[in-house]
Amino acid sequence: MYAAVIAVSAWGVALPLGFAIAALVGCLVGVGTELALYRPLRRVEATQLNIFLASLGLLIAGQSVVLVVFGPQARTLEGFPMRGIELGPVAFTTIEALWLAAAWVLIAALMAWLWLTRHGLAIRAVASNPELAQCVGVERERVFLLVFAVGSALVGLGGTLIALRDTASPTMGVHPVLAAFIAVFLGGIGSIPGAAVGGVLLGLAENMGGLFLPGYWQGVIAFVVLFVVLVVRPSGVLGVRGR
Amino acid sequence: MSTTQTPALLAVEDLATGYGRKQVVFGASLAVRPGEIVALIGHNGAGKTTTLKAVAGLLPVWNGRVVFDGAAIGQVSSAARVRRGLAFIPQERFVFADLTVTENLELGAFSIADRRLAAERRETILALLPVLAERKQQLAGTLSGGEQRMVSLGMALMMRPRLLLLDEPSLGLAPFLVERIMATIQDIVRREGLTVLLVEQNIHHALAIATRVYVMRTGRVILEESGASMAARGEWWDLF
Amino acid sequence: MDFWLHVVNMILLFAILGVSLNLLLGYSGLVSMSHAAFFGVGAYAAALTARHLDWPFPVTLLAAIAVTTVLAGGVTFPALRVRGEYLILLTLALQMVLYELMLSWVDLTEGRTGISAIPRPTLFGRALVTPAQFLPLIAACAAVVFAVGYRVGESPFGRVLKAMRDDERAALAIGKSVLRYKVLVFSISGALAAVAAALFAHYQAFINPFSFTLDRSIFLVALVVLGGTANLVGTLVGAIVYVGLPEMLRFLQARQDIVDAIRDFVFGALLVAFMRFRPQGLVPERLGGGARLGTVALPAGADPAAALPARAARADGAPVLVAEGLSKSFGGIRAADDLSLVLPGGKVTALVGPNGAGKTTVFNLLTGFLPPDAGRVVLHDREVTGLPPWRTVGYGLARTFQDVRLFERMTVLDNVVAAIPGQPGERLGPLFLTPRRAAEAERQNRAKALGYLAFVGLADKAGEVASALAFGEQKLVALARLIATEADVLLLDEPASGVDVQWVSRILELIRRVAAAGKTVCIVEHNLEVVTAVADRAYFMEAGRIIAEGRPEDLMADPRLGEIYFGKAHR
């Protein structure tokens with residue numbers, strides 16, 4: 001996403017290309033991490049905690065690299081006209097409209113890919129029954145790589161979208177990812193529609209909460225939600241049973 | 001060991017394997033000739049499934065050899081073994097429960113590069129197992145046990161195997177269904193020229209279609225007999 | 001000079017924090033992503049009571065300890081319902097919630113501006129202001145914290161923590177109340193963190209939320225892990241690196257935020273590298289018992305069988321364990337259907353049956369790993385139905401697992417000692433108040449454990465790490481551990497599986513001797529050779545029901561059972 005920022009604002013590249021670069025860079029980073037770190041860790045049978053800490057280490061190191069290379073100030077991403085729109089009593093901006101459209105389009109595209117293509121079938125197979133997938137010749141490691149590639153590309157796109165309205169700063173990564181985590185948990189691990197539902201629910205909760213509760217509770221809501229979900233129903237609203 | 005007329009399609013020599021640090025098979029040797037249906041029986045925990053999994057490539061070979069069609073495949077990945085003609089159906093969770101019947105079959109053909117060939121194959125198999133055709137779009141997890149077994153057989157056939165490794169194909173099925181499954185297996189073997197190595201705890205089910213039987217106990221193959229001799233024993237407590 | 005003393009003070013403070021987290025993370029395997037928040041809560045407690053209530057330093061310290069301990073202990077309750085991996089997320093959520101509260105609850109915490117002008121502590125009439133003046137206080141507190149941490153971690157109590165970490169189910173199976181230990185260790189951790197927190201607040205005389213962020217929590221975890229989990233010396237090393245690194249980087253004369261970024265980068269990179277190549281950290285965990293083994297010797301010429309505890313052993317064949325009408329269903333499947341069985345004292349009973357008959361389910365129902373839907377379990381005339389497993393062990397009923405489940409990171413001897421009941425060192429009171437009694441008991445228990453190991457023939461492996469043993473040896477250690485629980489009803493789940501023939505005969509011999517010493521033994525086995533060799537009686541199960549019982553030879557002569565086991569002939 002930082003690549004997109006640089007490309008667009010410093011080099012004056014057109015915005016759509018910026019998106020593509022963001023997706024590409026995201027994809028490469030994700031794939032690189034899987035190959036260089038997670039795969040070797042799995043090979044030596046590292047514990048969940050170790051893998052988690054390794055990814056945390058990557059987070060910290062990555063953030064600091066961005067900070068050092070690009071400087072700590074937030075940067076804006078230009079190229080998309082920001083105008084207000086009013087539809088009856090509801091007021092929002094064009095960027096938010098873009099977010100809405102992009103989210104729907106991307107989710108639809110992802111689901112189409114998963115359900116209608118051969119690669120998507122392979123991914124769903126590994127998710128459904130990893131051992132049997134191995135038996136029919138679907139190589140788990142390749143599927144993981146694919147998943148990392150696509151997921152990381154999507155993250156790159158998401159980050160760019162966020163940067164359009166808010167600014168891009170080195171530490172901006174954590175909060176959206178945590179929110180995404182919570183959305184996935186809420187919707188149920190293993191279910192893509194669930195993740196989408198979770199995201200919607202979370203957004204609603206955060207914003208409606210802002211209506212009823214004093215301001216300082218708003219940032220907290222997401223995590224209170226997580227807390228409650230984890231305790232009451234760890235498999236999530238639409239969770240895949242038996243996990 | 002019985003005399004061999006034709007070279008074995010599968011030869012396992014003094015296999016040792018296990019899970020993680022736990023060794024389960026300490027020395028298993030067996031051979032399967034083309035066109036045969038061979039059964040591997042023995043008490044629970046004797047190492048039958050483990051042996052089968054090692055042949056399929058899901059478990060590593062710690063010692064000994066697995067030779068398929070004249071080539072040692074101990075280091076070959078399971079996906080590559082599928083391409084060479086080895087198909088394995090596990091004992092439990094033998095279908096993709098969250099996917100449709102058609103998708104299950106498609107996955108069986110995953111390693112076949114030619115998509116048209118795969119599509120033709122699917123039609124053939126649906127014709128072979130009509131019950132699947134009726135339920136093409138249903139999620140595999142919603143089918144009955146017997147129907148799921150059929151799906152798993154269909155999936156295995158999509159892989160165009162030469163050797164079919166079946167792990168307790170009759171487990172959990174009502175007797176008449178078992179008859180159907182066993183008959184289907186025999187039918188398929190004849191028509192497609194397959195070879196089968198199956199693991200069974202139910203001796204009668206095994207003897208219904210197997211011509212030769214190996215007995216395992218505590219991680220070793222202790223006996224080999226023809227199906228007829230095994231059946232003639234009448235009781236098998238001393239083998240388990 | 002003052003500058004370097006300041007650095008030392010900070011190192012000590014973070015070392016204290018590290019110790020408190022190491023007890024959770026390293027010794028107990030409980031991952032807490034909210035430690036910075038605990039630190040913060042303690043600091044705010046001290047600051048607020050000092051500023052608004054004018055309490056002097058030692059009292060604010062107590063206030064901090066009280067608040068943080070209650071918070072930390074309280075966290076355990078929702079956390080306990082949830083699997084291990086989820087604890088990370090739960091504490092993550094907690095960290096974020098608490099941090100936001102610190103930022104936003106301005107009325108209480110003054111939000112971003114923080115609380116300033118926190119009064120200095122006065123000791124012996126003099127106010128402590130400079131780093132040099134603070135150093136003795138901080139050093140003294142650090143010493144106390146390290147001593148407490150060491151006593152907690154490297155003691156029988158700590159051994160239970162490690163057992164819980166390595167295999168919670170197995171810890172339950174040897175009679176430890178895992179729940180109680182989790183609450184205790186979280187509380188202790190909170191209390192120790194509060195010490196650092198109160199000192200920090202008074203030392204800086206100023207606190208704001210930005211010292212207690214998620215990043216800080218992550219760094220604390222990294223500090224503990226890199227220094228070496230379950231090793232307090234390692235924690236000190238970790239603290240030195242954590243605090244020392246940015247200070248050394250100052251010599252680069254770079255901007256503050258660049259220095260911070262470099263520190264972050266180095267830490268992050270180190271974390272990745274260590275997780276990849278050296279997950280145990282710089283200073284690895286000490287294995288108790290290895291060096292001190294020399295003080296424990298087997299009495300010369302002692303008969304190992306005499307080592308078997310003979311609590312209420314009845315070899316007369318009278319019923320010791322009675323189960324009536326046990327039932328359990330999962331979804332639509334009846335895993336156990338009106339099961340009734342009797343285990344006679346001093347005899348070996350076997351449970352046999354085809355795959356999926358429900359034999360292991362019976363073990364789970366009897367021992368409390370699975371509460372029955374209906375039915376009763378009576379042990380020595382006492383009703384134990386549905387009690388948690390650790391309690392039934394205390395009453396005399398214990399089991400092994402099919403997959404052994406030793407505590408892999410502990411020594412063989414520690415594995416066995418851990419199971420011995422009634423250890424004063426496992427309770428905090430005796431551990432701190434009557435240390436000599438605890439030490440003496442520990443010495444005796446180690447000798448006892450060595451005796452059990454001698455019984456199974458593995459006394460020479462006592463000092464080795466459990467994970468290094470071959471599977472067959474691990475099975476024997478598990479048997480010794482079972483005997484160590486002093487339970488007199490022993491349930492062995494597939495004792496002869498997964499090992500080669502010569503191990504089988506060794507295990508069978510031990511089973512016979514155990515029964516001969518008066519224990520009541522029940523085994524689940526698929527290998528019928530084993531069953532005929534060692535069992536006096538057997539129950540034949542099918543589909544969750546017991547359908548026959550008798551001597552193994554008689555059962556195997558029954559054609560009806562043959563049909564069930566080998567399958568009916570059709571046609």
# chains A, B, ... in the order shown; residues from 1 in each chain; ligands from 1
call {"tool": "interface_residues", "arguments": {"of": "chain B", "to": "chain A", "cutoff": "8 Å", "atoms": "only C-alpha atoms", "output": "MDAnalysis selection string"}}
result
chainID B and resid 56 58 78:80 82:83 87:90 93:99 103 107:111 156 159
call {"tool": "interface_residues", "arguments": {"of": "chain C", "to": "chain B", "cutoff": "9 Å", "atoms": "only C-alpha atoms", "output": "list in words"}}
result
Pro354, Asn355, Asp403, Ala470, Phe471, Gly472, Ala496, Ser497, Gly498, Val499, Asp500, Val501, Glu525, His526, Asn527, Leu528, Glu529, Met556, Ala557, Pro559, Gly562, Ile564, Tyr565, Phe566, Gly567, Lys568, Ala569 and His570 of chain C
call {"tool": "write_last_selection", "arguments": {"atoms": "N, CA and C atoms", "output": "mmCIF file, in the first residue's frame"}}
result
data_model
loop_
_atom_site.group_PDB
_atom_site.id
_atom_site.type_symbol
_atom_site.label_atom_id
_atom_site.label_comp_id
_atom_site.auth_asym_id
_atom_site.auth_seq_id
_atom_site.Cartn_x
_atom_site.Cartn_y
_atom_site.Cartn_z
ATOM 1 N N PRO C 354 -15.021 -54.744 18.973
ATOM 2 C CA PRO C 354 -14.594 -54.216 17.680
ATOM 3 C C PRO C 354 -14.397 -52.710 17.729
ATOM 4 N N ASN C 355 -13.909 -52.196 16.649
ATOM 5 C CA ASN C 355 -13.650 -50.773 16.530
ATOM 6 C C ASN C 355 -14.900 -49.946 16.812
ATOM 7 N N ASP C 403 -2.018 -42.292 23.750
ATOM 8 C CA ASP C 403 -0.851 -41.640 23.152
ATOM 9 C C ASP C 403 0.134 -41.140 24.207
ATOM 10 N N ALA C 470 12.614 -43.322 23.759
ATOM 11 C CA ALA C 470 11.880 -44.074 22.744
ATOM 12 C C ALA C 470 10.454 -44.285 23.217
ATOM 13 N N PHE C 471 9.572 -44.547 22.269
ATOM 14 C CA PHE C 471 8.160 -44.650 22.610
ATOM 15 C C PHE C 471 7.904 -45.720 23.660
ATOM 16 N N GLY C 472 8.544 -46.858 23.531
ATOM 17 C CA GLY C 472 8.343 -47.927 24.503
ATOM 18 C C GLY C 472 8.770 -47.491 25.905
ATOM 19 N N ALA C 496 -0.303 -52.031 25.416
ATOM 20 C CA ALA C 496 0.669 -52.755 24.603
ATOM 21 C C ALA C 496 0.696 -52.288 23.152
ATOM 22 N N SER C 497 0.041 -51.198 22.835
ATOM 23 C CA SER C 497 -0.002 -50.799 21.427
ATOM 24 C C SER C 497 1.195 -49.942 21.077
ATOM 25 N N GLY C 498 1.545 -49.947 19.828
ATOM 26 C CA GLY C 498 2.589 -49.050 19.331
ATOM 27 C C GLY C 498 3.996 -49.463 19.695
ATOM 28 N N VAL C 499 4.186 -50.645 20.225
ATOM 29 C CA VAL C 499 5.543 -51.084 20.552
ATOM 30 C C VAL C 499 5.776 -52.473 19.992
ATOM 31 N N ASP C 500 7.036 -52.793 19.834
ATOM 32 C CA ASP C 500 7.406 -54.074 19.267
ATOM 33 C C ASP C 500 7.284 -55.186 20.315
ATOM 34 N N VAL C 501 7.377 -56.407 19.851
ATOM 35 C CA VAL C 501 7.025 -57.575 20.679
ATOM 36 C C VAL C 501 7.748 -57.654 22.022
ATOM 37 N N GLU C 525 -7.787 -53.223 25.287
ATOM 38 C CA GLU C 525 -6.799 -53.776 24.360
ATOM 39 C C GLU C 525 -7.458 -54.366 23.129
ATOM 40 N N HIS C 526 -6.756 -54.240 22.020
ATOM 41 C CA HIS C 526 -7.228 -54.846 20.784
ATOM 42 C C HIS C 526 -6.460 -56.115 20.467
ATOM 43 N N ASN C 527 -5.300 -56.210 21.031
ATOM 44 C CA ASN C 527 -4.448 -57.356 20.768
ATOM 45 C C ASN C 527 -4.903 -58.501 21.673
ATOM 46 N N LEU C 528 -5.586 -59.473 21.099
ATOM 47 C CA LEU C 528 -6.197 -60.512 21.931
ATOM 48 C C LEU C 528 -5.167 -61.432 22.582
ATOM 49 N N GLU C 529 -3.992 -61.511 21.982
ATOM 50 C CA GLU C 529 -2.923 -62.285 22.623
ATOM 51 C C GLU C 529 -2.614 -61.686 23.984
ATOM 52 N N MET C 556 -13.948 -66.174 23.945
ATOM 53 C CA MET C 556 -13.505 -66.440 22.586
ATOM 54 C C MET C 556 -14.042 -67.752 22.054
ATOM 55 N N ALA C 557 -14.596 -68.548 22.963
ATOM 56 C CA ALA C 557 -15.191 -69.785 22.490
ATOM 57 C C ALA C 557 -16.628 -69.575 22.064
ATOM 58 N N PRO C 559 -19.408 -68.490 19.789
ATOM 59 C CA PRO C 559 -19.520 -68.184 18.363
ATOM 60 C C PRO C 559 -20.245 -66.867 18.096
ATOM 61 N N GLY C 562 -17.871 -64.222 18.258
ATOM 62 C CA GLY C 562 -17.007 -64.310 17.086
ATOM 63 C C GLY C 562 -17.640 -63.599 15.904
ATOM 64 N N ILE C 564 -19.715 -61.151 16.024
ATOM 65 C CA ILE C 564 -19.678 -59.707 16.204
ATOM 66 C C ILE C 564 -18.285 -59.166 15.909
ATOM 67 N N TYR C 565 -17.285 -59.864 16.396
ATOM 68 C CA TYR C 565 -15.926 -59.344 16.268
ATOM 69 C C TYR C 565 -15.422 -59.443 14.848
ATOM 70 N N PHE C 566 -15.646 -60.587 14.225
ATOM 71 C CA PHE C 566 -15.104 -60.805 12.883
ATOM 72 C C PHE C 566 -16.110 -60.530 11.798
ATOM 73 N N GLY C 567 -17.328 -60.274 12.176
ATOM 74 C CA GLY C 567 -18.341 -60.020 11.170
ATOM 75 C C GLY C 567 -19.149 -61.266 10.865
ATOM 76 N N LYS C 568 -20.392 -60.997 10.568
ATOM 77 C CA LYS C 568 -21.269 -62.108 10.218
ATOM 78 C C LYS C 568 -20.960 -62.578 8.820
ATOM 79 N N ALA C 569 -21.123 -63.896 8.647
ATOM 80 C CA ALA C 569 -21.010 -64.406 7.288
ATOM 81 C C ALA C 569 -22.304 -64.078 6.572
ATOM 82 N N HIS C 570 -22.246 -63.628 5.364
ATOM 83 C CA HIS C 570 -23.491 -63.435 4.627
ATOM 84 C C HIS C 570 -23.586 -64.448 3.513
#
call {"tool": "residues_around", "arguments": {"residues": "Glu120 (chain B)", "least_positions_apart": "5", "cutoff": "12 Å", "atoms": "only C-alpha atoms", "output": "JSON, numbers by chain"}}
result
{"B": [105, 106, 109, 112, 114, 115, 125, 126, 127, 158]}
call {"tool": "interface_residues", "arguments": {"of": "chain C", "to": "chain A", "cutoff": "8 Å", "atoms": "only C-alpha atoms", "output": "number ranges by chain"}}
result
C: 31, 78-79, 81-82, 85-86, 90, 93-94, 96-97, 100-101, 104-105, 218, 222, 258, 261-262, 264-273, 275-276, 279
call {"tool": "write_last_selection", "arguments": {"atoms": "C-alpha atoms", "output": "tab-separated table (two decimals), in the first residue's frame"}}
result
chain	number	residue	atom	x	y	z
C	31	VAL	CA	0.15	-16.49	26.48
C	78	PRO	CA	-13.61	-16.21	30.83
C	79	ALA	CA	-10.28	-17.44	29.59
C	81	ARG	CA	-13.78	-21.65	28.93
C	82	VAL	CA	-11.72	-21.10	25.88
C	85	GLU	CA	-5.01	-20.45	21.16
C	86	TYR	CA	-7.94	-18.26	21.97
C	90	LEU	CA	-8.77	-12.80	24.52
C	93	ALA	CA	-8.86	-7.85	23.25
C	94	LEU	CA	-8.35	-7.08	26.90
C	96	MET	CA	-6.98	-2.97	23.60
C	97	VAL	CA	-9.99	-2.40	25.82
C	100	GLU	CA	-8.64	2.62	25.16
C	101	LEU	CA	-10.07	3.12	28.60
C	104	SER	CA	-10.58	7.89	26.83
C	105	TRP	CA	-11.79	7.73	30.39
C	218	ILE	CA	4.42	-7.51	22.29
C	222	ALA	CA	9.53	-10.90	23.00
C	258	ILE	CA	14.87	6.66	14.22
C	261	ALA	CA	12.64	2.33	14.89
C	262	ILE	CA	16.03	0.67	14.75
C	264	ASP	CA	12.07	-2.12	16.98
C	265	PHE	CA	13.56	-3.50	13.84
C	266	VAL	CA	16.33	-5.32	15.65
C	267	PHE	CA	13.90	-6.78	18.15
C	268	GLY	CA	11.49	-7.81	15.44
C	269	ALA	CA	14.24	-9.38	13.38
C	270	LEU	CA	15.67	-11.14	16.44
C	271	LEU	CA	12.24	-12.49	17.27
C	272	VAL	CA	11.82	-13.89	13.80
C	273	ALA	CA	15.31	-15.35	13.78
C	275	MET	CA	11.61	-18.45	16.48
C	276	ARG	CA	13.06	-19.92	13.36
C	279	PRO	CA	12.87	-21.11	19.96
call {"tool": "residues_around", "arguments": {"residues": "Ser327 (chain C)", "least_positions_apart": "3", "cutoff": "7 Å", "atoms": "only C-alpha atoms", "output": "PyMOL selection string"}}
result
chain C and resi 336-339+372-375
call {"tool": "write_last_selection", "arguments": {"atoms": "N, CA and C atoms", "output": "mmCIF file, in the first residue's frame"}}
result
data_model
loop_
_atom_site.group_PDB
_atom_site.id
_atom_site.type_symbol
_atom_site.label_atom_id
_atom_site.label_comp_id
_atom_site.auth_asym_id
_atom_site.auth_seq_id
_atom_site.Cartn_x
_atom_site.Cartn_y
_atom_site.Cartn_z
ATOM 1 N N ALA C 336 -22.345 -44.647 24.812
ATOM 2 C CA ALA C 336 -22.426 -45.603 25.914
ATOM 3 C C ALA C 336 -23.903 -45.801 26.209
ATOM 4 N N ASP C 337 -24.319 -47.051 26.333
ATOM 5 C CA ASP C 337 -25.741 -47.351 26.451
ATOM 6 C C ASP C 337 -25.990 -48.228 27.658
ATOM 7 N N ASP C 338 -26.363 -47.600 28.767
ATOM 8 C CA ASP C 338 -26.740 -48.355 29.953
ATOM 9 C C ASP C 338 -25.657 -49.369 30.356
ATOM 10 N N LEU C 339 -24.463 -48.867 30.524
ATOM 11 C CA LEU C 339 -23.315 -49.709 30.828
ATOM 12 C C LEU C 339 -23.204 -49.970 32.322
ATOM 13 N N PRO C 372 -21.192 -38.348 32.423
ATOM 14 C CA PRO C 372 -22.231 -39.194 31.828
ATOM 15 C C PRO C 372 -23.581 -38.493 31.807
ATOM 16 N N ASP C 373 -24.413 -38.884 30.859
ATOM 17 C CA ASP C 373 -25.777 -38.365 30.832
ATOM 18 C C ASP C 373 -26.614 -39.011 31.926
ATOM 19 N N ALA C 374 -26.278 -40.272 32.227
ATOM 20 C CA ALA C 374 -27.025 -40.988 33.262
ATOM 21 C C ALA C 374 -26.127 -42.051 33.845
ATOM 22 N N GLY C 375 -26.473 -42.528 35.034
ATOM 23 C CA GLY C 375 -25.703 -43.614 35.623
ATOM 24 C C GLY C 375 -24.858 -43.152 36.788
#
call {"tool": "select_by_dssp", "arguments": {"residues": "region 24-56 of chain C", "states": "helix (DSSP H, G or I)", "output": "ChimeraX atom specification"}}
result
/C:24-27,35-53
call {"tool": "closest_residue", "arguments": {"among": "B:Arg190, B:Arg212, B:Arg160, B:Arg180", "to": "Arg84 (chain B)", "atoms": "only C-alpha atoms"}}
result
B:Arg160
call {"tool": "atom_distance", "arguments": {"atom1": "CA of Gly463 (chain C)", "atom2": "CA of Val160 (chain C)"}}
result
17.9 Å
call {"tool": "atom_distance", "arguments": {"atom1": "CA of Val489 (chain C)", "atom2": "CA of Ala517 (chain C)"}}
result
11.9 Å
call {"tool": "atom_distance", "arguments": {"atom1": "CA of Glu408 (chain C)", "atom2": "CA of Phe146 (chain C)"}}
result
26.0 Å
